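Heads up, the thing below is written out as structure tokens.
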Amino acid sequence: MNEDEIADKVYEERERIVDLYRNGPGDGTIIDPVDDPTFDDYHKLDRFGFICDESKLKKEDPQEIKIERSREQKWVKMINNWDRMSSEKLKRRVYKGIPNSLRGKVWAKLLHVDQLTDDQKNKYKHMCELAWEHSPDVRQIDLDVNRTYREHINFRKRYDLKQQELFNILSAYSIYNLDIGYTQGMSQIAALLLMYLSEDEAFWALSTLISDSKYNMHGFFIPGFPKLIRFQHHHDTVMEKLLPKLKRHLDRNGVETGLYTLKWFFQCFLDRIPFKLTLRVWDIFLLEGDKILSAMAYCLLKLHRTQLYALGMDDILNFLQVKLEQNYQHTADYTIEKLQDCLAELKKNKLDNAGPPSQNEQLLRELGIFNPNDIPVRKPQTNGVDKMRKPLNNDQVNSSPEQDSQCQGSIATNGKNSMDDVSSIVGDGSRRSLLDTSVTSAATTTVSPQSIQNDDDESDVTCVSPQPDVLRIYVPYDTPTKKSSSLPNKITTIQVMDEMATPTVETDGMFKVVSTIN
């Protein structure tokens with residue numbers, strides 16, 4: 001199969017996937033029952049829309065519901081007088097909790113979504129159209145949509161409305177911000193926004209979270225994860241100064257910061273604490289910015305240090321990654337109260353800030369400016385495809401640079417991309433999608449400063465023993481710099497891991513070579 005034929009196959013696959021989301025599956029489309037589970041009669045919905053076993057469904061405290069409803073009228077007045085409301089009053093109310101029925105309206109205000117949708121009319125729709133034609137990330141987005149919050153009623157049915165909207169948002173953003181394109185981890189954030197915002201609003205909310213200096217999640221998603229490393233170093237500093245005994249205990253058991261903080265920082269604690277508490281943390285995160293990430297990480301460890309002292313490595317990781325979410329012992333109100341105490345303590349010790357962002361955390365391209373030649377080439381399962389499809393038109397598609405800069409906080413820099421995103425740790429620095437791979441790991445991975453240092457173009461892909469945490473990775477069939485023709489001359493035995501285990505990304509790659517036969 002020559003390069004033109006391969007490019008045609010890639011193009012046809014993208015068209016097929018896009019058609020499924022735009023028009024829904026046809027009568028002849030076969031959907032695996034695993035991908036389209038039915039709603040069991042013995043399962044019920046909790047108040048946030050998650051499907052739960054009826055026997056395990058926790059009953060809401062009637063008093064809490066009563067208090068939340070009493071606050072709704074106050075919040076309605078606040079929303080209607082948003083521009084005249086004092087910052088102290090807003091802060092006080094947010095820390096007490098935003099009523100769930102009004103959370104979407106408040107989030108939209110905090111993220112200035114209304115301003116963006118007015119200034120960038122039809123921009124999102126146009127980005128969708130460009131993505132359907134040009135995005136190289138469509139296949140990986142399709143795979144991730146199919147495994148994002150499938151236990152939530154909105155995302156339960158394959159190719160249903162919310163899955164369509166999630167697919168559209170992620171595809172459009174992969175074209176809107178070519179520095180990042182699409183990175184695994186973005187899908188859950190976008191899905192959370194879709195639970196409370198419309199499709200158009202969720203797109204602009206995601207864009208603000210990634211590019212606005214207050215949140216700057218851009219630094220988490222770009223190659224090399226510079227912001228993740230900065231926050232992990234800061235977390236270590238906080239631990240050494242304020243929780244030295246616990247830090248020594250974690251170190252003795254080999255529990256590095258990267259083993260448990262990835263989802264804490266990368267996705268603001270999604271899936272690591274109860275969803276009800278997660279929403280409260282997100283309320284404060286949207287109000288205060290990224291300093292909440294370090295404060296909440298410190299708060300969680302401080303609250304649970306007594307339990308952690310009694311645990312060894314495996315149990316520590318299980319506690320931080322599983323038990324905290326499933327069997328959290330404190331109320332949301334108590335935790336937020338302690339979070340405020342931790343913020344004050346960190347500020348007193350001049351540890352409330354992880355420091356200024358480095359140059360390589362900044363945006364390199366202006367947002368929303370599209371040129372097909374700027375799209376990183378994604379090689380499919382047979383290497384060597386450089387062919388680009390003819391664009392919709394030969395002109396660049398621009399939004400107003402002034403609008404993009406003003407509304408999105410874009411910063412033009414001459415920084416250098418260092419490495420790839422979590423979904424493609426091994427490689428030449430360009431983003432890679434599942435089109436590059438023959439095997440996909442549905443597991444999750446950890447990232448620590450030591451785990452992303454390998455820039456040796458000649459290094460082989462290696463494998464490590466399974467460790468917990470968090471973002472799905474790809475198992476590449478070949479390194480980008482290694483010619484596949486060399487493979488028949490070497491047989492490598494790879495350590496087989498439990499498919500439910502979660503591999504760690506180490507300095508020398510993703511796999512541990514057990515033996516090699518030349």
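Chain lettering (A, B, ...) mirrors the order of the structure tokens, residue numbering begins at 1 for each chain separately, and ligand numbering begins at 1 in order of display.
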
- Task: Give me the residues within 8 Å of A:Ile180 as a PyMOL selection string, counting only C-alpha atoms and dropping any in the same chain fewer than 4 places off.
- Result: chain A and resi 174+218+221-222+431

- Message: Can you tell me which residues surround A:His152 at a distance of at most 6 Å, considering only C-alpha atoms, apart from same-chain residues fewer than 3 positions away, and format the answer as a list in words?
- Response: Gly49, Phe50, Ile51, Tyr149, Phe155 and Arg156 of chain A

- Task: Go through stretch 164-380 of chain A and collect every residue that DSSP, computed from the backbone, puts in alpha helix (DSSP H); the answer should be as a PyMOL selection string.
- Result: chain A and resi 164-176+186-194+199-211+218-221+226-242+244-252+262-266+275-288+291-303+305-309+313-318+324-326+332-348

Create the file for the chosen residues now, containing C-alpha atoms and written as a compact mmCIF listing (two decimals), in the first residue's frame.
# COMPACT_ATOMS: atom_id res chain seq x y z
CA GLN A 164 -21.94 14.14 19.97
CA GLU A 165 -21.38 17.43 21.78
CA LEU A 166 -18.30 16.11 23.57
CA PHE A 167 -16.86 14.85 20.29
CA ASN A 168 -17.53 18.20 18.62
CA ILE A 169 -15.90 20.23 21.41
CA LEU A 170 -12.74 18.14 21.53
CA SER A 171 -12.43 18.00 17.76
CA ALA A 172 -12.96 21.75 17.38
CA TYR A 173 -10.42 22.53 20.09
CA SER A 174 -7.84 20.28 18.43
CA ILE A 175 -7.91 22.75 15.53
CA TYR A 176 -8.49 25.92 17.57
CA MET A 186 -9.16 16.92 28.23
CA SER A 187 -12.19 14.71 27.61
CA GLN A 188 -13.23 14.45 31.27
CA ILE A 189 -12.83 18.19 31.81
CA ALA A 190 -14.96 18.93 28.73
CA ALA A 191 -17.55 16.36 29.86
CA LEU A 192 -17.77 17.96 33.30
CA LEU A 193 -18.39 21.34 31.68
CA LEU A 194 -21.07 19.78 29.46
CA GLU A 199 -22.14 22.88 23.87
CA ASP A 200 -21.02 26.32 22.71
CA GLU A 201 -20.51 27.53 26.29
CA ALA A 202 -18.53 24.41 27.22
CA PHE A 203 -16.15 24.96 24.30
CA TRP A 204 -15.35 28.51 25.38
CA ALA A 205 -15.13 27.48 29.02
CA LEU A 206 -12.57 24.81 28.08
CA SER A 207 -10.65 27.38 26.06
CA THR A 208 -10.56 29.79 29.01
CA LEU A 209 -9.36 27.08 31.40
CA ILE A 210 -6.53 26.16 29.06
CA SER A 211 -5.37 29.57 27.88
CA HIS A 218 -2.08 24.89 28.74
CA GLY A 219 1.09 24.18 30.70
CA PHE A 220 -0.31 20.83 31.84
CA PHE A 221 -1.17 19.63 28.35
CA PRO A 226 6.19 21.90 32.38
CA LYS A 227 3.40 23.09 34.67
CA LEU A 228 2.85 19.61 36.07
CA ILE A 229 6.54 19.40 36.96
CA ARG A 230 6.47 22.90 38.50
CA PHE A 231 3.46 22.03 40.66
CA GLN A 232 4.92 18.70 41.72
CA HIS A 233 8.16 20.38 42.79
CA HIS A 234 6.14 22.95 44.73
CA HIS A 235 4.10 20.18 46.35
CA ASP A 236 7.33 18.53 47.51
CA THR A 237 8.46 21.84 49.01
CA VAL A 238 5.16 22.22 50.87
CA MET A 239 5.40 18.67 52.20
CA GLU A 240 9.02 19.07 53.34
CA LYS A 241 8.23 22.24 55.27
CA LEU A 242 4.73 21.62 56.62
CA PRO A 244 7.90 16.57 57.02
CA LYS A 245 6.99 13.40 58.94
CA LEU A 246 4.46 12.34 56.32
CA LYS A 247 6.91 13.21 53.55
CA ARG A 248 9.54 10.93 55.08
CA HIS A 249 6.95 8.16 55.45
CA LEU A 250 5.95 8.44 51.78
CA ASP A 251 9.61 8.51 50.69
CA ARG A 252 10.44 5.40 52.73
CA LEU A 262 -1.26 13.64 38.34
CA LYS A 263 -5.03 13.71 38.37
CA TRP A 264 -5.04 16.08 41.31
CA PHE A 265 -3.28 18.72 39.26
CA PHE A 266 -4.05 17.66 35.69
CA PHE A 275 -18.09 14.01 42.94
CA LYS A 276 -20.05 16.23 45.32
CA LEU A 277 -16.81 17.47 46.86
CA THR A 278 -15.18 17.71 43.43
CA LEU A 279 -17.85 20.18 42.35
CA ARG A 280 -17.21 22.31 45.44
CA VAL A 281 -13.48 22.31 44.68
CA TRP A 282 -14.18 23.22 41.05
CA ASP A 283 -16.39 26.11 42.20
CA ILE A 284 -13.45 27.52 44.16
CA PHE A 285 -10.94 26.67 41.42
CA LEU A 286 -12.92 28.72 38.90
CA LEU A 287 -13.08 31.61 41.38
CA GLU A 288 -9.53 31.58 42.74
CA LYS A 291 -3.46 28.09 43.56
CA ILE A 292 -6.34 25.90 44.74
CA LEU A 293 -4.64 22.84 43.26
CA SER A 294 -1.66 23.02 45.63
CA ALA A 295 -3.82 24.00 48.59
CA MET A 296 -6.28 21.13 48.09
CA ALA A 297 -3.44 18.62 47.66
CA TYR A 298 -1.95 19.79 50.96
CA CYS A 299 -5.38 19.77 52.61
CA LEU A 300 -6.15 16.17 51.61
CA LEU A 301 -2.83 14.86 52.91
CA LYS A 302 -3.09 16.85 56.12
CA LEU A 303 -6.63 15.61 56.78
CA ARG A 305 -2.09 11.85 57.49
CA THR A 306 -2.97 9.66 60.47
CA GLN A 307 -4.42 6.96 58.20
CA LEU A 308 -1.47 7.23 55.82
CA TYR A 309 1.11 6.68 58.59
CA MET A 313 3.24 1.66 49.53
CA ASP A 314 0.46 -0.30 47.82
CA ASP A 315 -2.07 0.62 50.45
CA ILE A 316 -1.07 4.29 50.34
CA LEU A 317 -1.65 4.43 46.61
CA ASN A 318 -4.92 2.56 46.89
CA LEU A 324 -10.65 8.70 49.05
CA GLU A 325 -13.30 8.75 46.36
CA GLN A 326 -15.26 5.70 47.45
CA ALA A 332 -17.83 18.54 51.97
CA ASP A 333 -18.45 21.53 54.24
CA TYR A 334 -15.80 20.40 56.72
CA THR A 335 -13.27 19.79 53.94
CA ILE A 336 -13.84 23.23 52.42
CA GLU A 337 -13.47 24.80 55.85
CA LYS A 338 -10.12 23.04 56.24
CA LEU A 339 -9.16 24.05 52.70
CA GLN A 340 -9.59 27.70 53.71
CA ASP A 341 -7.35 27.08 56.74
CA CYS A 342 -4.74 25.48 54.48
CA LEU A 343 -4.84 28.43 52.09
CA ALA A 344 -4.17 30.80 55.01
CA GLU A 345 -1.37 28.57 56.32
CA LEU A 346 0.31 28.37 52.92
CA LYS A 347 0.05 32.13 52.48
CA LYS A 348 1.57 32.71 55.91

- Message: Restricting the calculation to only C-alpha atoms: of A:Thr261, A:Gln115, A:Asn177, A:Gln184, which residue gets closest to A:Leu143?
- Response: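 For A:Leu143, the nearest of the given residues is A:Gln184.
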
- Query: What is the distance, in Å and to one decimal place, between atom CA of A:Lys162 and atom CA of A:Tyr196?
  - Reply: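 Between atom CA of A:Lys162 and atom CA of A:Tyr196 the gap is 11.5 Å.
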
- Query: Separation of atom CA of A:Gln73 and atom CA of A:Arg103, in Å?
  - Reply: 13.2 Å

- Task: Find the distance between atom CA of A:Asp119 and atom CA of A:Met78 and write it in Å to one decimal.
- Result: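 The value is 24.0 Å.
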
- Given only C-alpha atoms as the counted atoms, nearest of A:Leu197, A:His134, A:Ile153, A:Glu129 to A:Lys109: A:Leu197

- Residue nearest A:Arg22 - candidates A:Leu90, A:Ala7, A:Ala108, A:Leu161, atoms counted: only C-alpha atoms: A:Leu161

- Pick from A:Leu320, A:Ile17, A:Ile67, A:Ile141: nearest to A:Thr257, with only C-alpha atoms counted?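 That would be A:Leu320, the residue with the smallest distance to A:Thr257.
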